[in-house]
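What follows is the content of structure-v9.pdb (PDB, C-alpha atoms).
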ATOM      1  CA  MET A   1      -4.103   9.438  25.200  1.00  0.00           C
ATOM      2  CA  VAL A   2      -5.271  11.736  22.410  1.00  0.00           C
ATOM      3  CA  THR A   3      -8.958  11.137  21.872  1.00  0.00           C
ATOM      4  CA  GLY A   4     -12.119  12.995  20.941  1.00  0.00           C
ATOM      5  CA  ASN A   5     -15.285  12.802  18.875  1.00  0.00           C
ATOM      6  CA  LEU A   6     -15.662  14.174  15.354  1.00  0.00           C
ATOM      7  CA  PHE A   7     -19.330  14.967  15.964  1.00  0.00           C
ATOM      8  CA  ALA A   8     -18.602  17.098  19.045  1.00  0.00           C
ATOM      9  CA  ASN A   9     -18.391  20.896  18.920  1.00  0.00           C
ATOM     10  CA  VAL A  10     -19.676  21.200  15.371  1.00  0.00           C
ATOM     11  CA  PRO A  11     -20.329  24.886  14.687  1.00  0.00           C
ATOM     12  CA  GLY A  12     -23.799  25.777  13.401  1.00  0.00           C
ATOM     13  CA  GLN A  13     -22.658  28.874  11.534  1.00  0.00           C
ATOM     14  CA  LEU A  14     -19.366  29.623   9.903  1.00  0.00           C
ATOM     15  CA  ALA A  15     -17.980  32.552   7.965  1.00  0.00           C
ATOM     16  CA  ASN A  16     -15.220  30.281   6.637  1.00  0.00           C
ATOM     17  CA  GLU A  17     -14.618  26.566   6.619  1.00  0.00           C
ATOM     18  CA  ALA A  18     -13.380  25.342  10.024  1.00  0.00           C
ATOM     19  CA  VAL A  19     -10.206  23.254   9.813  1.00  0.00           C
ATOM     20  CA  GLU A  20      -9.031  21.430  12.945  1.00  0.00           C
ATOM     21  CA  GLU A  21      -5.794  19.468  12.974  1.00  0.00           C
ATOM     22  CA  LEU A  22      -6.230  16.097  14.674  1.00  0.00           C
ATOM     23  CA  LEU A  23      -2.834  14.574  13.943  1.00  0.00           C
ATOM     24  CA  SER A  24       0.413  16.019  12.660  1.00  0.00           C
ATOM     25  CA  ALA A  25       3.291  13.665  11.920  1.00  0.00           C
ATOM     26  CA  PRO A  26       6.134  13.973   9.382  1.00  0.00           C
ATOM     27  CA  ASN A  27       4.355  11.895   6.728  1.00  0.00           C
ATOM     28  CA  VAL A  28       0.712  12.277   7.701  1.00  0.00           C
ATOM     29  CA  ARG A  29      -1.669  15.064   8.683  1.00  0.00           C
ATOM     30  CA  ILE A  30      -5.270  14.379   9.669  1.00  0.00           C
ATOM     31  CA  GLU A  31      -7.834  17.181   9.757  1.00  0.00           C
ATOM     32  CA  ARG A  32     -11.503  17.600  10.498  1.00  0.00           C
ATOM     33  CA  ILE A  33     -13.080  20.163   8.194  1.00  0.00           C
ATOM     34  CA  VAL A  34     -16.569  21.576   8.708  1.00  0.00           C
ATOM     35  CA  SER A  35     -18.311  23.301   5.788  1.00  0.00           C
ATOM     36  CA  ILE A  36     -21.763  24.869   5.666  1.00  0.00           C
ATOM     37  CA  GLY A  37     -22.496  25.831   2.100  1.00  0.00           C
ATOM     38  CA  HIS A  38     -18.840  26.643   1.410  1.00  0.00           C
ATOM     39  CA  ALA A  39     -17.248  25.946  -1.940  1.00  0.00           C
ATOM     40  CA  THR A  40     -13.914  26.628  -3.588  1.00  0.00           C
ATOM     41  CA  ALA A  41     -13.902  29.958  -5.425  1.00  0.00           C
ATOM     42  CA  ALA A  42     -15.173  29.400  -8.963  1.00  0.00           C
ATOM     43  CA  ASP A  43     -11.874  30.126 -10.663  1.00  0.00           C
ATOM     44  CA  GLU A  44      -9.635  28.258  -8.203  1.00  0.00           C
ATOM     45  CA  TRP A  45      -8.314  24.695  -8.088  1.00  0.00           C
ATOM     46  CA  TYR A  46      -6.558  22.823  -5.324  1.00  0.00           C
ATOM     47  CA  ASP A  47      -3.215  21.529  -6.579  1.00  0.00           C
ATOM     48  CA  GLN A  48      -1.561  19.792  -3.643  1.00  0.00           C
ATOM     49  CA  ASP A  49       1.984  18.482  -3.257  1.00  0.00           C
ATOM     50  CA  ARG A  50       0.716  15.580  -1.159  1.00  0.00           C
ATOM     51  CA  ALA A  51      -1.900  12.969  -1.879  1.00  0.00           C
ATOM     52  CA  GLU A  52      -5.117  13.149   0.130  1.00  0.00           C
ATOM     53  CA  TRP A  53      -7.663  10.565   1.221  1.00  0.00           C
ATOM     54  CA  VAL A  54     -10.933  12.228   2.165  1.00  0.00           C
ATOM     55  CA  LEU A  55     -14.068  10.900   3.864  1.00  0.00           C
ATOM     56  CA  ILE A  56     -17.464  12.506   4.420  1.00  0.00           C
ATOM     57  CA  LEU A  57     -18.949  11.904   7.888  1.00  0.00           C
ATOM     58  CA  ALA A  58     -22.066  14.094   7.715  1.00  0.00           C
ATOM     59  CA  GLY A  59     -23.793  16.386   5.248  1.00  0.00           C
ATOM     60  CA  SER A  60     -23.064  16.210   1.536  1.00  0.00           C
ATOM     61  CA  ALA A  61     -20.764  17.759  -1.043  1.00  0.00           C
ATOM     62  CA  GLY A  62     -19.771  17.779  -4.672  1.00  0.00           C
ATOM     63  CA  LEU A  63     -16.106  17.293  -5.545  1.00  0.00           C
ATOM     64  CA  LEU A  64     -15.064  18.282  -9.054  1.00  0.00           C
ATOM     65  CA  PHE A  65     -11.890  17.015 -10.711  1.00  0.00           C
ATOM     66  CA  GLU A  66     -10.424  19.083 -13.503  1.00  0.00           C
ATOM     67  CA  GLY A  67     -11.571  17.717 -16.818  1.00  0.00           C
ATOM     68  CA  ASP A  68     -14.704  16.058 -15.442  1.00  0.00           C
ATOM     69  CA  ALA A  69     -18.092  17.306 -16.614  1.00  0.00           C
ATOM     70  CA  GLU A  70     -19.848  16.982 -13.264  1.00  0.00           C
ATOM     71  CA  PRO A  71     -18.862  17.020  -9.586  1.00  0.00           C
ATOM     72  CA  HIS A  72     -18.603  13.663  -7.865  1.00  0.00           C
ATOM     73  CA  PRO A  73     -21.400  13.541  -5.234  1.00  0.00           C
ATOM     74  CA  LEU A  74     -20.350  12.649  -1.693  1.00  0.00           C
ATOM     75  CA  VAL A  75     -22.643  11.480   1.125  1.00  0.00           C
ATOM     76  CA  PRO A  76     -21.843  10.146   4.614  1.00  0.00           C
ATOM     77  CA  GLY A  77     -19.405   7.240   4.281  1.00  0.00           C
ATOM     78  CA  SER A  78     -18.152   8.342   0.850  1.00  0.00           C
ATOM     79  CA  TYR A  79     -14.384   8.379   0.444  1.00  0.00           C
ATOM     80  CA  VAL A  80     -12.201   9.563  -2.391  1.00  0.00           C
ATOM     81  CA  HIS A  81      -8.492   9.277  -3.039  1.00  0.00           C
ATOM     82  CA  ILE A  82      -6.973  12.430  -4.545  1.00  0.00           C
ATOM     83  CA  PRO A  83      -3.489  11.875  -5.993  1.00  0.00           C
ATOM     84  CA  ALA A  84      -0.885  14.625  -5.525  1.00  0.00           C
ATOM     85  CA  HIS A  85      -1.310  17.410  -8.101  1.00  0.00           C
ATOM     86  CA  ARG A  86      -4.692  16.086  -9.241  1.00  0.00           C
ATOM     87  CA  ARG A  87      -6.470  19.410  -9.605  1.00  0.00           C
ATOM     88  CA  HIS A  88      -9.845  19.524  -7.894  1.00  0.00           C
ATOM     89  CA  ARG A  89     -12.296  21.852  -6.235  1.00  0.00           C
ATOM     90  CA  VAL A  90     -15.260  21.643  -3.899  1.00  0.00           C
ATOM     91  CA  ALA A  91     -18.156  22.576  -6.177  1.00  0.00           C
ATOM     92  CA  TRP A  92     -20.702  22.742  -3.370  1.00  0.00           C
ATOM     93  CA  THR A  93     -21.480  21.667   0.179  1.00  0.00           C
ATOM     94  CA  ASP A  94     -24.827  21.276   1.902  1.00  0.00           C
ATOM     95  CA  ARG A  95     -26.341  24.600   2.937  1.00  0.00           C
ATOM     96  CA  SER A  96     -28.818  23.171   5.462  1.00  0.00           C
ATOM     97  CA  VAL A  97     -26.560  21.039   7.692  1.00  0.00           C
ATOM     98  CA  PRO A  98     -22.839  21.014   8.478  1.00  0.00           C
ATOM     99  CA  THR A  99     -20.735  18.817   6.220  1.00  0.00           C
ATOM    100  CA  ILE A 100     -17.995  17.078   8.215  1.00  0.00           C
ATOM    101  CA  TRP A 101     -14.923  15.906   6.315  1.00  0.00           C
ATOM    102  CA  LEU A 102     -12.022  13.802   7.493  1.00  0.00           C
ATOM    103  CA  ALA A 103      -8.961  14.643   5.381  1.00  0.00           C
ATOM    104  CA  ILE A 104      -5.796  12.556   5.500  1.00  0.00           C
ATOM    105  CA  HIS A 105      -2.857  14.213   3.751  1.00  0.00           C
ATOM    106  CA  TYR A 106       0.140  11.943   3.291  1.00  0.00           C
ATOM    107  CA  GLN A 107       3.365  11.393   1.474  1.00  0.00           C
TER     108      GLN A 107
ATOM    109  CA  MET B   1     -10.491   7.691  -9.218  1.00  0.00           C
ATOM    110  CA  VAL B   2     -10.543   5.381  -6.200  1.00  0.00           C
ATOM    111  CA  THR B   3     -13.801   5.943  -4.381  1.00  0.00           C
ATOM    112  CA  GLY B   4     -16.392   4.032  -2.382  1.00  0.00           C
ATOM    113  CA  ASN B   5     -18.603   4.172   0.691  1.00  0.00           C
ATOM    114  CA  LEU B   6     -17.660   2.811   4.105  1.00  0.00           C
ATOM    115  CA  PHE B   7     -21.289   1.963   4.861  1.00  0.00           C
ATOM    116  CA  ALA B   8     -21.688  -0.163   1.713  1.00  0.00           C
ATOM    117  CA  ASN B   9     -21.390  -3.954   1.746  1.00  0.00           C
ATOM    118  CA  VAL B  10     -21.304  -4.271   5.511  1.00  0.00           C
ATOM    119  CA  PRO B  11     -21.603  -7.973   6.372  1.00  0.00           C
ATOM    120  CA  GLY B  12     -24.370  -8.907   8.816  1.00  0.00           C
ATOM    121  CA  GLN B  13     -22.594 -11.987  10.134  1.00  0.00           C
ATOM    122  CA  LEU B  14     -18.903 -12.700  10.474  1.00  0.00           C
ATOM    123  CA  ALA B  15     -16.869 -15.606  11.772  1.00  0.00           C
ATOM    124  CA  ASN B  16     -13.871 -13.274  12.033  1.00  0.00           C
ATOM    125  CA  GLU B  17     -13.354  -9.538  11.836  1.00  0.00           C
ATOM    126  CA  ALA B  18     -13.436  -8.302   8.221  1.00  0.00           C
ATOM    127  CA  VAL B  19     -10.436  -6.170   7.282  1.00  0.00           C
ATOM    128  CA  GLU B  20     -10.506  -4.347   3.945  1.00  0.00           C
ATOM    129  CA  GLU B  21      -7.520  -2.341   2.759  1.00  0.00           C
ATOM    130  CA  LEU B  22      -8.586   1.029   1.341  1.00  0.00           C
ATOM    131  CA  LEU B  23      -5.188   2.613   0.802  1.00  0.00           C
ATOM    132  CA  SER B  24      -1.679   1.225   0.825  1.00  0.00           C
ATOM    133  CA  ALA B  25       1.252   3.612   0.488  1.00  0.00           C
ATOM    134  CA  PRO B  26       4.813   3.369   1.831  1.00  0.00           C
ATOM    135  CA  ASN B  27       4.084   5.416   4.953  1.00  0.00           C
ATOM    136  CA  VAL B  28       0.333   4.978   5.362  1.00  0.00           C
ATOM    137  CA  ARG B  29      -2.180   2.151   5.293  1.00  0.00           C
ATOM    138  CA  ILE B  30      -5.918   2.780   5.668  1.00  0.00           C
ATOM    139  CA  GLU B  31      -8.298  -0.054   6.490  1.00  0.00           C
ATOM    140  CA  ARG B  32     -11.986  -0.532   7.132  1.00  0.00           C
ATOM    141  CA  ILE B  33     -12.572  -3.118   9.840  1.00  0.00           C
ATOM    142  CA  VAL B  34     -16.004  -4.586  10.614  1.00  0.00           C
ATOM    143  CA  SER B  35     -16.549  -6.334  13.953  1.00  0.00           C
ATOM    144  CA  ILE B  36     -19.706  -7.948  15.309  1.00  0.00           C
ATOM    145  CA  GLY B  37     -19.082  -8.929  18.903  1.00  0.00           C
ATOM    146  CA  HIS B  38     -15.428  -9.680  18.221  1.00  0.00           C
ATOM    147  CA  ALA B  39     -12.736  -8.954  20.784  1.00  0.00           C
ATOM    148  CA  THR B  40      -9.023  -9.568  21.107  1.00  0.00           C
ATOM    149  CA  ALA B  41      -8.295 -12.888  22.795  1.00  0.00           C
ATOM    150  CA  ALA B  42      -8.211 -12.369  26.573  1.00  0.00           C
ATOM    151  CA  ASP B  43      -4.507 -13.035  26.983  1.00  0.00           C
ATOM    152  CA  GLU B  44      -3.339 -11.132  23.882  1.00  0.00           C
ATOM    153  CA  TRP B  45      -2.222  -7.546  23.292  1.00  0.00           C
ATOM    154  CA  TYR B  46      -1.591  -5.657  20.093  1.00  0.00           C
ATOM    155  CA  ASP B  47       1.964  -4.307  20.078  1.00  0.00           C
ATOM    156  CA  GLN B  48       2.420  -2.533  16.736  1.00  0.00           C
ATOM    157  CA  ASP B  49       5.555  -1.177  15.098  1.00  0.00           C
ATOM    158  CA  ARG B  50       3.573   1.706  13.616  1.00  0.00           C
ATOM    159  CA  ALA B  51       1.341   4.280  15.234  1.00  0.00           C
ATOM    160  CA  GLU B  52      -2.376   4.038  14.531  1.00  0.00           C
ATOM    161  CA  TRP B  53      -5.183   6.578  14.430  1.00  0.00           C
ATOM    162  CA  VAL B  54      -8.539   4.865  14.719  1.00  0.00           C
ATOM    163  CA  LEU B  55     -12.102   6.151  14.269  1.00  0.00           C
ATOM    164  CA  ILE B  56     -15.449   4.477  14.969  1.00  0.00           C
ATOM    165  CA  LEU B  57     -18.084   5.059  12.267  1.00  0.00           C
ATOM    166  CA  ALA B  58     -20.897   2.818  13.534  1.00  0.00           C
ATOM    167  CA  GLY B  59     -21.581   0.505  16.461  1.00  0.00           C
ATOM    168  CA  SER B  60     -19.558   0.696  19.658  1.00  0.00           C
ATOM    169  CA  ALA B  61     -16.463  -0.821  21.228  1.00  0.00           C
ATOM    170  CA  GLY B  62     -14.228  -0.812  24.287  1.00  0.00           C
ATOM    171  CA  LEU B  63     -10.499  -0.267  23.760  1.00  0.00           C
ATOM    172  CA  LEU B  64      -8.258  -1.224  26.659  1.00  0.00           C
ATOM    173  CA  PHE B  65      -4.720   0.082  27.045  1.00  0.00           C
ATOM    174  CA  GLU B  66      -2.312  -1.958  29.134  1.00  0.00           C
ATOM    175  CA  GLY B  67      -2.192  -0.585  32.648  1.00  0.00           C
ATOM    176  CA  ASP B  68      -5.646   1.002  32.499  1.00  0.00           C
ATOM    177  CA  ALA B  69      -8.362  -0.285  34.806  1.00  0.00           C
ATOM    178  CA  GLU B  70     -11.227   0.000  32.308  1.00  0.00           C
ATOM    179  CA  PRO B  71     -11.632  -0.016  28.523  1.00  0.00           C
ATOM    180  CA  HIS B  72     -12.083   3.327  26.831  1.00  0.00           C
ATOM    181  CA  PRO B  73     -15.634   3.403  25.383  1.00  0.00           C
ATOM    182  CA  LEU B  74     -15.928   4.310  21.693  1.00  0.00           C
ATOM    183  CA  VAL B  75     -19.095   5.438  19.895  1.00  0.00           C
ATOM    184  CA  PRO B  76     -19.633   6.789  16.351  1.00  0.00           C
ATOM    185  CA  GLY B  77     -17.288   9.719  15.802  1.00  0.00           C
ATOM    186  CA  SER B  78     -14.857   8.637  18.551  1.00  0.00           C
ATOM    187  CA  TYR B  79     -11.200   8.661  17.578  1.00  0.00           C
ATOM    188  CA  VAL B  80      -8.113   7.518  19.435  1.00  0.00           C
ATOM    189  CA  HIS B  81      -4.430   7.860  18.713  1.00  0.00           C
ATOM    190  CA  ILE B  82      -2.423   4.742  19.552  1.00  0.00           C
ATOM    191  CA  PRO B  83       1.332   5.352  19.644  1.00  0.00           C
ATOM    192  CA  ALA B  84       3.639   2.644  18.259  1.00  0.00           C
ATOM    193  CA  HIS B  85       4.202  -0.147  20.807  1.00  0.00           C
ATOM    194  CA  ARG B  86       1.453   1.112  23.117  1.00  0.00           C
ATOM    195  CA  ARG B  87      -0.036  -2.233  24.067  1.00  0.00           C
ATOM    196  CA  HIS B  88      -3.787  -2.398  23.701  1.00  0.00           C
ATOM    197  CA  ARG B  89      -6.643  -4.761  23.014  1.00  0.00           C
ATOM    198  CA  VAL B  90     -10.247  -4.609  21.908  1.00  0.00           C
ATOM    199  CA  ALA B  91     -12.110  -5.577  25.078  1.00  0.00           C
ATOM    200  CA  TRP B  92     -15.499  -5.798  23.371  1.00  0.00           C
ATOM    201  CA  THR B  93     -17.516  -4.727  20.339  1.00  0.00           C
ATOM    202  CA  ASP B  94     -21.270  -4.386  19.945  1.00  0.00           C
ATOM    203  CA  ARG B  95     -22.997  -7.751  19.514  1.00  0.00           C
ATOM    204  CA  SER B  96     -26.227  -6.363  18.043  1.00  0.00           C
ATOM    205  CA  VAL B  97     -24.964  -4.200  15.153  1.00  0.00           C
ATOM    206  CA  PRO B  98     -21.779  -4.117  13.087  1.00  0.00           C
ATOM    207  CA  THR B  99     -19.040  -1.895  14.449  1.00  0.00           C
ATOM    208  CA  ILE B 100     -17.230  -0.110  11.605  1.00  0.00           C
ATOM    209  CA  TRP B 101     -13.687   1.112  12.264  1.00  0.00           C
ATOM    210  CA  LEU B 102     -11.448   3.263  10.141  1.00  0.00           C
ATOM    211  CA  ALA B 103      -7.821   2.474  10.993  1.00  0.00           C
ATOM    212  CA  ILE B 104      -4.936   4.608   9.749  1.00  0.00           C
ATOM    213  CA  HIS B 105      -1.540   3.006  10.322  1.00  0.00           C
ATOM    214  CA  TYR B 106       1.377   5.318   9.685  1.00  0.00           C
ATOM    215  CA  GLN B 107       5.033   5.914  10.227  1.00  0.00           C
TER     216      GLN B 107
END

What does the file become when written as structure tokens?
Amino acid sequence: MVTGNLFANVPGQLANEAVEELLSAPNVRIERIVSIGHATAADEWYDQDRAEWVLILAGSAGLLFEGDAEPHPLVPGSYVHIPAHRRHRVAWTDRSVPTIWLAIHYQ
Amino acid sequence: MVTGNLFANVPGQLANEAVEELLSAPNVRIERIVSIGHATAADEWYDQDRAEWVLILAGSAGLLFEGDAEPHPLVPGSYVHIPAHRRHRVAWTDRSVPTIWLAIHYQ
């Protein structure tokens, strides 16, 4: 049985975002991502071939979609569906506590 | 943009488990399930055609797999992968607070 806890082994400092694969299947990939103050580089956008459903479990973040004036604020429990090729970037994540994301990439 | 918060609109009383579909795609279905003391009927097992990845966000529960002596205890952050046709049942859920599950069914 594959089991674990998303709140276990959360790093307190990180040079880069920590991405841990929790499930990998042909149509679905589930990841835990931990950010501490990380953001997408200012001139970069994510443009993904697969749709993504993302959930915040701890911390906070701002998710900006191309064409929007302001980032969409995310707090624990917040989820967002990101269609394939919907350009977006992480504008900011909490600097004081780890932000824990659950990302479900699917086709 | 499809967005929301899994901790919003949590019912305080329920005759039956509350299942809310958050995403429905050909290969993936994501649901929020709220239980308050609910359990699978004693003589029943879930036997699902699709695999499931399940996460507890609040409350607590015991998940029993056929052939195991004791239920596997789940607390916030706990996740479990349930292969297709792995028979299982919810032995118990917290009676004092709502238990919030995120269930990802996939093929």

**OP:** Run the PyMOL selection byres ((chain A) within 7 of (chain B)) mentally over the shown coordinates, then write out the matched residues as number ranges by chain, using the chain letters and numbers from the document.
**Re:** A: 1-7, 27, 77-81, 107

Subject >> Interatomic distance (Å, one decimal) between atom CA of A:Arg32 and atom CA of B:Ile33 >> reply: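 These two atoms are separated by 20.8 Å.
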
Residues matched by the PyMOL selection byres ((chain B and resi 34-51) around 8) as an mmCIF file with C-alpha atoms, in the coordinates of the input:
data_model
loop_
_atom_site.group_PDB
_atom_site.id
_atom_site.type_symbol
_atom_site.label_atom_id
_atom_site.label_comp_id
_atom_site.auth_asym_id
_atom_site.auth_seq_id
_atom_site.Cartn_x
_atom_site.Cartn_y
_atom_site.Cartn_z
ATOM 1 C CA VAL B 10 -21.304 -4.271 5.511
ATOM 2 C CA PRO B 11 -21.603 -7.973 6.372
ATOM 3 C CA GLN B 13 -22.594 -11.987 10.134
ATOM 4 C CA LEU B 14 -18.903 -12.700 10.474
ATOM 5 C CA ASN B 16 -13.871 -13.274 12.033
ATOM 6 C CA GLU B 17 -13.354 -9.538 11.836
ATOM 7 C CA ALA B 18 -13.436 -8.302 8.221
ATOM 8 C CA VAL B 19 -10.436 -6.170 7.282
ATOM 9 C CA ARG B 32 -11.986 -0.532 7.132
ATOM 10 C CA ILE B 33 -12.572 -3.118 9.840
ATOM 11 C CA GLU B 52 -2.376 4.038 14.531
ATOM 12 C CA TRP B 53 -5.183 6.578 14.430
ATOM 13 C CA HIS B 81 -4.430 7.860 18.713
ATOM 14 C CA ILE B 82 -2.423 4.742 19.552
ATOM 15 C CA PRO B 83 1.332 5.352 19.644
ATOM 16 C CA ALA B 84 3.639 2.644 18.259
ATOM 17 C CA HIS B 85 4.202 -0.147 20.807
ATOM 18 C CA ARG B 86 1.453 1.112 23.117
ATOM 19 C CA ARG B 87 -0.036 -2.233 24.067
ATOM 20 C CA HIS B 88 -3.787 -2.398 23.701
ATOM 21 C CA ARG B 89 -6.643 -4.761 23.014
ATOM 22 C CA VAL B 90 -10.247 -4.609 21.908
ATOM 23 C CA ALA B 91 -12.110 -5.577 25.078
ATOM 24 C CA TRP B 92 -15.499 -5.798 23.371
ATOM 25 C CA THR B 93 -17.516 -4.727 20.339
ATOM 26 C CA ASP B 94 -21.270 -4.386 19.945
ATOM 27 C CA ARG B 95 -22.997 -7.751 19.514
ATOM 28 C CA SER B 96 -26.227 -6.363 18.043
ATOM 29 C CA VAL B 97 -24.964 -4.200 15.153
ATOM 30 C CA PRO B 98 -21.779 -4.117 13.087
ATOM 31 C CA THR B 99 -19.040 -1.895 14.449
ATOM 32 C CA ILE B 100 -17.230 -0.110 11.605
ATOM 33 C CA TRP B 101 -13.687 1.112 12.264
ATOM 34 C CA HIS B 105 -1.540 3.006 10.322
ATOM 35 C CA TYR B 106 1.377 5.318 9.685
ATOM 36 C CA GLN B 107 5.033 5.914 10.227
#

Subject >> Between atom CA of A:Ser24 and atom CA of A:Ala103 - distance in Å to one decimal >> reply: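 Straight-line distance from atom CA of A:Ala103 to atom CA of A:Ser24 works out to 11.9 Å.
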
Centre, x/y/z edge lengths, axis-aligned box for stretch 87-90 of chain B with 5 Å per side, as JSON:
{"center_x": -5.1, "center_y": -3.5, "center_z": 23.0, "size_x": 20.2, "size_y": 12.5, "size_z": 12.2}
